[in-house]
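J.: Dumping the structure here so I can ask a few things about it.
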Amino acid sequence: MMQERRDKEPTRREKRRLAILDAAREVFLQQGYGATSLNDIVSVSGGSLATLYDLFDGKAGLFRETIEQECRNFFGVLDSEDIAALPLREALRLVARQFFDGVIQQPKMSLLRVVVAEAPHFPEVGATFYSAGPARAREIVSTYLEKQSRRGLIKVGDPVRAADVFIALVLGEYQMKMLCGEEVKLTPEEVDRHLGYTLDLFLKIYGPENLELAVQDANACGV
């Protein structure tokens, strides 16, 4: 048992890698990609430039891994197979809440601001973020909707387009406000009302093909 616990502990190399990623996220958010040097990151994380290059192959690789780690953390809940077992509305609400909290109400939006600001000068920054973030979100939601459509719970002819509609409804005008530097302050009740309206509208657009199954699904959610 003691050996098993030791086997699960991060190695020294992994601890160093995580420390550098934490420092990189902090510095990139404060200074942006272009203005950040690797020495800035090493001064926060400790260690050496040699270690950083060994682990990430330079600033571009480090920024890419920072983005990908943020996205893995964000999509962890959405990738869970447990969502597939939930009633439709409950699952959609969980996904909607994850998107709204993660993009609008948490500091991850600051990373998006960095990407938007830097992409004209460093196109690879925008491409990396889009691939790991929005494109992955689209894939996860469209795959889920396609499965539910096959079950007859919704009518989705084009799962990718339906995923775009769902995400757009969830983020709404709030995403643009955040990108423009406006603070979005919503009470928990206001967020609940927004998400409830989003789900009502989405399910009205993509109404269930099998009404009996839809009623059973709604009853399972307690609605």
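Residue numbers start at 1 in each chain; chains themselves are named A, B, ... in the order of the structure tokens; ligands are numbered from 1 in the order shown.
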Give the alpha helix (DSSP H) residues of range 2-176 of chain A, as assigned by DSSP on the backbone, as JSON, numbers by chain.
T.: {"A": [2, 3, 4, 5, 6, 7, 8, 12, 13, 14, 15, 16, 17, 18, 19, 20, 21, 22, 23, 24, 25, 26, 27, 28, 29, 30, 31, 38, 39, 40, 41, 42, 43, 44, 45, 49, 50, 51, 52, 53, 54, 55, 56, 59, 60, 61, 62, 63, 64, 65, 66, 67, 68, 69, 70, 71, 72, 73, 74, 75, 88, 89, 90, 91, 92, 93, 94, 95, 96, 97, 98, 99, 108, 109, 110, 111, 112, 113, 114, 115, 116, 117, 118, 123, 124, 125, 126, 127, 128, 129, 130, 131, 132, 134, 135, 136, 137, 138, 139, 140, 141, 142, 143, 144, 145, 146, 147, 148, 149, 150, 159, 160, 161, 162, 163, 164, 165, 166, 167, 168, 169, 170, 171, 172, 173, 174, 175, 176]}
J.: Would you list the contacts of Ala24 in chain A as number ranges by chain, taking every protein, DNA or RNA residue within 9 Å and counting only C-alpha atoms, but skipping same-chain residues closer than 6 positions in sequence?
T.: A: 38, 40-42, 44-45, 62-63, 66
J.: Nearest to Lys177 in chain A among A:Arg113, A:Arg25, A:Lys155, A:Lys15, with distances taken over only C-alpha atoms: which residue is it?
T.: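 Using only C-alpha atoms, the shortest distance to Lys177 in chain A belongs to A:Arg113.
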J.: How close does range 67-100 of chain A get to range 118-141 of chain A? List, as CSV, each residue of range 67-100 of chain A within 8 Å, its nearest atom pair and the distance in Å to one decimal, counting only C-alpha atoms.
T.:
residue,atom,partner,partner_atom,distance
A:Ile67,CA,A:Phe129,CA,6.3
A:Glu68,CA,A:Ala132,CA,5.8
A:Cys71,CA,A:Gly133,CA,5.8
A:Phe75,CA,A:Ala137,CA,7.6
A:Leu78,CA,A:Ile140,CA,7.2
A:Asp79,CA,A:Ile140,CA,7.1
J.: How would the residues just picked look written out with C-alpha atoms as a tab-separated table (two decimals), in the first residue's frame?
T.:
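Saved as selection-v4.tsv:
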chain	number	residue	atom	x	y	z
A	67	ILE	CA	-3.59	26.91	-22.89
A	68	GLU	CA	-4.05	23.17	-23.24
A	71	CYS	CA	-8.74	23.74	-21.48
A	75	PHE	CA	-13.51	20.39	-20.18
A	78	LEU	CA	-17.88	17.94	-19.88
A	79	ASP	CA	-15.78	14.98	-20.97
J.: So what do you get for CA of Tyr33 in chain A versus CA of Val114 in chain A, distance-wise?
T.: 7.2 Å
J.: Near range 198-205 of chain A, counting only C-alpha atoms, which residues have an atom at most 9 Å away, once you skip same-chain residues fewer than 6 positions from it, shown as a list in words?
T.: Arg89, Leu92, Arg93, Ala96, Ile154, Lys155, Ala162, Val165, Phe166, Leu169 and Val170 of chain A
J.: Please report as JSON lines every residue of range 43-108 of chain A lying within 10 Å of range 182-194 of chain A, along with the nearest atom pair and their distance in Å (one decimal), using only C-alpha atoms.
T.:
{"residue": "A:Arg93", "atom": "CA", "partner": "A:Asp192", "partner_atom": "CA", "distance": 9.6}
{"residue": "A:Arg97", "atom": "CA", "partner": "A:Val191", "partner_atom": "CA", "distance": 8.7}
{"residue": "A:Phe100", "atom": "CA", "partner": "A:Val191", "partner_atom": "CA", "distance": 8.6}
{"residue": "A:Asp101", "atom": "CA", "partner": "A:Val191", "partner_atom": "CA", "distance": 9.3}
{"residue": "A:Ile104", "atom": "CA", "partner": "A:Val184", "partner_atom": "CA", "distance": 7.5}
{"residue": "A:Gln105", "atom": "CA", "partner": "A:Val184", "partner_atom": "CA", "distance": 7.5}
J.: So that I can check the surroundings of Leu179 in chain A, please list as a ChimeraX atom specification every protein, DNA and RNA residue that reaches within 9 Å of it, counting only C-alpha atoms and ignoring chain neighbours fewer than 2 positions away.
T.: /A:109-110,112-113,116,174-177,181-182
J.: I'd like the interatomic distance between CA of Arg72 in chain A and CA of Ser48 in chain A, to a tenth of an Å.
T.: 26.3 Å
J.: By how many Å are CA of Glu65 in chain A and CA of Gly32 in chain A apart?
T.: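 Interatomic distance, CA of Glu65 in chain A to CA of Gly32 in chain A: 15.4 Å.
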